[in-house]
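Have a look at target.pdb; it's PDB, C-alpha atoms, pLDDT in the B column:
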```pdb
ATOM      1  CA  MET B 994       7.192  27.427 -29.971  1.00 69.00           C
ATOM      2  CA  GLU B 995       9.392  27.170 -32.988  1.00 85.00           C
ATOM      3  CA  VAL B 996       7.787  26.875 -36.412  1.00 88.00           C
ATOM      4  CA  LYS B 997       9.129  23.895 -38.299  1.00 88.00           C
ATOM      5  CA  LYS B 998       9.616  24.122 -42.049  1.00 91.00           C
ATOM      6  CA  TYR B 999       9.156  21.000 -44.102  1.00 91.00           C
ATOM      7  CA  SER B1000      10.864  20.311 -47.390  1.00 93.00           C
ATOM      8  CA  SER B1001       8.730  17.295 -48.384  1.00 94.00           C
ATOM      9  CA  TYR B1002       5.445  15.566 -47.731  1.00 95.00           C
ATOM     10  CA  ALA B1003       7.337  12.589 -46.350  1.00 95.00           C
ATOM     11  CA  GLU B1004       8.606  14.698 -43.448  1.00 95.00           C
ATOM     12  CA  ILE B1005       5.064  15.885 -42.736  1.00 95.00           C
ATOM     13  CA  GLU B1006       3.745  12.330 -42.817  1.00 97.00           C
ATOM     14  CA  LYS B1007       6.539  11.170 -40.523  1.00 96.00           C
ATOM     15  CA  ASP B1008       5.766  13.872 -37.935  1.00 95.00           C
ATOM     16  CA  LEU B1009       2.044  13.152 -38.195  1.00 97.00           C
ATOM     17  CA  GLU B1010       2.709   9.463 -37.542  1.00 97.00           C
ATOM     18  CA  ILE B1011       4.840  10.339 -34.516  1.00 97.00           C
ATOM     19  CA  LEU B1012       2.099  12.589 -33.156  1.00 96.00           C
ATOM     20  CA  LYS B1013      -0.489   9.883 -33.758  1.00 98.00           C
ATOM     21  CA  LEU B1014       1.609   7.333 -31.827  1.00 98.00           C
ATOM     22  CA  GLU B1015       2.207   9.798 -28.978  1.00 97.00           C
ATOM     23  CA  LYS B1016      -1.537  10.437 -28.801  1.00 97.00           C
ATOM     24  CA  GLU B1017      -2.243   6.680 -28.655  1.00 98.00           C
ATOM     25  CA  ILE B1018       0.362   6.194 -25.904  1.00 97.00           C
ATOM     26  CA  SER B1019      -1.167   9.011 -23.854  1.00 97.00           C
ATOM     27  CA  TYR B1020      -4.637   7.541 -24.319  1.00 97.00           C
ATOM     28  CA  GLN B1021      -3.478   4.072 -23.218  1.00 97.00           C
ATOM     29  CA  LYS B1022      -1.783   5.590 -20.133  1.00 96.00           C
ATOM     30  CA  LEU B1023      -5.056   7.309 -19.282  1.00 96.00           C
ATOM     31  CA  VAL B1024      -7.036   4.083 -19.705  1.00 95.00           C
ATOM     32  CA  LEU B1025      -4.554   2.153 -17.542  1.00 95.00           C
ATOM     33  CA  SER B1026      -4.654   4.830 -14.860  1.00 94.00           C
ATOM     34  CA  PHE B1027      -8.466   4.701 -14.838  1.00 92.00           C
ATOM     35  CA  GLN B1028      -8.437   0.901 -14.527  1.00 92.00           C
ATOM     36  CA  LYS B1029      -5.970   0.982 -11.630  1.00 89.00           C
ATOM     37  CA  THR B1030      -8.053   3.612  -9.860  1.00 88.00           C
ATOM     38  CA  ARG B1031     -11.211   1.573 -10.344  1.00 86.00           C
ATOM     39  CA  GLU B1032      -9.481  -1.545  -8.985  1.00 83.00           C
ATOM     40  CA  ASN B1033      -8.229   0.359  -5.934  1.00 81.00           C
ATOM     41  CA  ILE B1034     -11.662   1.735  -5.090  1.00 83.00           C
ATOM     42  CA  THR B1035     -13.234  -1.472  -3.865  1.00 82.00           C
ATOM     43  CA  PRO B1036     -15.190  -1.795  -0.622  1.00 81.00           C
ATOM     44  CA  GLN B1037     -12.399  -3.891   0.884  1.00 82.00           C
ATOM     45  CA  ASN B1038      -9.702  -1.333   0.039  1.00 78.00           C
ATOM     46  CA  VAL B1039     -11.835   1.552   1.294  1.00 78.00           C
ATOM     47  CA  MET B1040     -12.477  -0.239   4.594  1.00 79.00           C
ATOM     48  CA  ASN B1041      -8.781  -1.105   4.920  1.00 80.00           C
ATOM     49  CA  GLY B1042      -7.957   2.568   4.439  1.00 77.00           C
ATOM     50  CA  ILE B1043     -10.462   3.617   7.092  1.00 77.00           C
ATOM     51  CA  PHE B1044      -9.233   1.014   9.567  1.00 77.00           C
ATOM     52  CA  SER B1045      -5.586   1.896   8.956  1.00 78.00           C
ATOM     53  CA  SER B1046      -6.388   5.566   9.604  1.00 72.00           C
ATOM     54  CA  PHE B1047      -8.239   4.602  12.782  1.00 70.00           C
ATOM     55  CA  LYS B1048      -5.330   2.386  13.826  1.00 70.00           C
ATOM     56  CA  ASP B1049      -2.868   5.238  13.265  1.00 67.00           C
ATOM     57  CA  TYR B1050      -5.073   7.489  15.369  1.00 63.00           C
ATOM     58  CA  LEU B1051      -5.228   4.955  18.196  1.00 62.00           C
ATOM     59  CA  SER B1052      -1.506   4.283  18.045  1.00 64.00           C
ATOM     60  CA  ASN B1053      -0.880   7.837  19.220  1.00 63.00           C
ATOM     61  CA  SER B1054      -1.079   8.794  22.899  1.00 61.00           C
ATOM     62  CA  TYR B1055      -4.885   8.519  22.866  1.00 65.00           C
ATOM     63  CA  GLY B1056      -4.529   4.886  21.927  1.00 62.00           C
ATOM     64  CA  SER B1057      -2.289   4.093  24.874  1.00 70.00           C
ATOM     65  CA  ILE B1058      -4.729   5.783  27.264  1.00 71.00           C
ATOM     66  CA  PHE B1059      -7.631   3.901  25.724  1.00 70.00           C
ATOM     67  CA  GLN B1060      -5.766   0.595  25.923  1.00 72.00           C
ATOM     68  CA  SER B1061      -4.971   1.101  29.589  1.00 77.00           C
ATOM     69  CA  ILE B1062      -8.610   1.929  30.453  1.00 82.00           C
ATOM     70  CA  LEU B1063     -10.192  -0.791  28.294  1.00 80.00           C
ATOM     71  CA  PRO B1064      -9.664  -3.704  30.751  1.00 82.00           C
ATOM     72  CA  TYR B1065     -11.443  -1.758  33.496  1.00 84.00           C
ATOM     73  CA  ILE B1066     -14.368  -0.982  31.203  1.00 83.00           C
ATOM     74  CA  ILE B1067     -14.662  -4.639  30.156  1.00 83.00           C
ATOM     75  CA  GLY B1068     -14.501  -5.728  33.813  1.00 83.00           C
ATOM     76  CA  TRP B1069     -17.205  -3.236  34.722  1.00 84.00           C
ATOM     77  CA  PHE B1070     -19.521  -4.592  31.978  1.00 81.00           C
ATOM     78  CA  ILE B1071     -18.866  -8.183  33.066  1.00 84.00           C
ATOM     79  CA  ASN B1072     -19.628  -7.362  36.701  1.00 82.00           C
ATOM     80  CA  LYS B1073     -22.733  -5.404  35.685  1.00 77.00           C
ATOM     81  CA  LYS B1074     -24.039  -8.385  33.718  1.00 69.00           C
ATOM     82  CA  ARG B1075     -23.434 -10.740  36.647  1.00 66.00           C
ATOM     83  CA  GLY B1076     -25.296  -8.368  38.957  1.00 62.00           C
ATOM     84  CA  ASN B1077     -22.348  -7.499  41.216  1.00 54.00           C
TER      85      ASN B1077
END
```

Please, can you express the file's structure as C-alpha cells?
Amino acid sequence: MEVKKYSSYAEIEKDLEILKLEKEISYQKLVLSFQKTRENITPQNVMNGIFSSFKDYLSNSYGSIFQSILPYIIGWFINKKRGN
C-alpha cells in the first residue's frame, strides 16, 4: 500500500470524511443484507424450499415411476377398505 503524504489538515479531514462515509455505506449494506436474510427465512419460505426440492426430486425418473404406480396403490387401498 502506498503511503500518502498530506500537505494540509484540510486534505486529512477530507480523506477522513470519505472513509467515514465509506464505513457508513458498508454498515448500511450489512444491515440491509441482514434484514433481507431475516425476511427470507420465514416458515413459509423454508417449506416452499423443501417442497420445491422434493418436487425436483420427483420430477426425475423416480417421479415418473412413482406417478405410474400411484393409481394402483390408491386402488388397492380403496379395495382394501371396501373389503374386496

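Taking CA of Lys1048 in chain B as the reference point, CA of Gln1060 in chain B is found at 12.2 Å.
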
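Here CA of Glu1017 in chain B stands at a distance of 25.0 Å from CA of Lys998 in chain B.
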
Rounded to one decimal place, report the CA of Val996 in chain B-CA of Leu1012 in chain B distance in Å.
15.7 Å
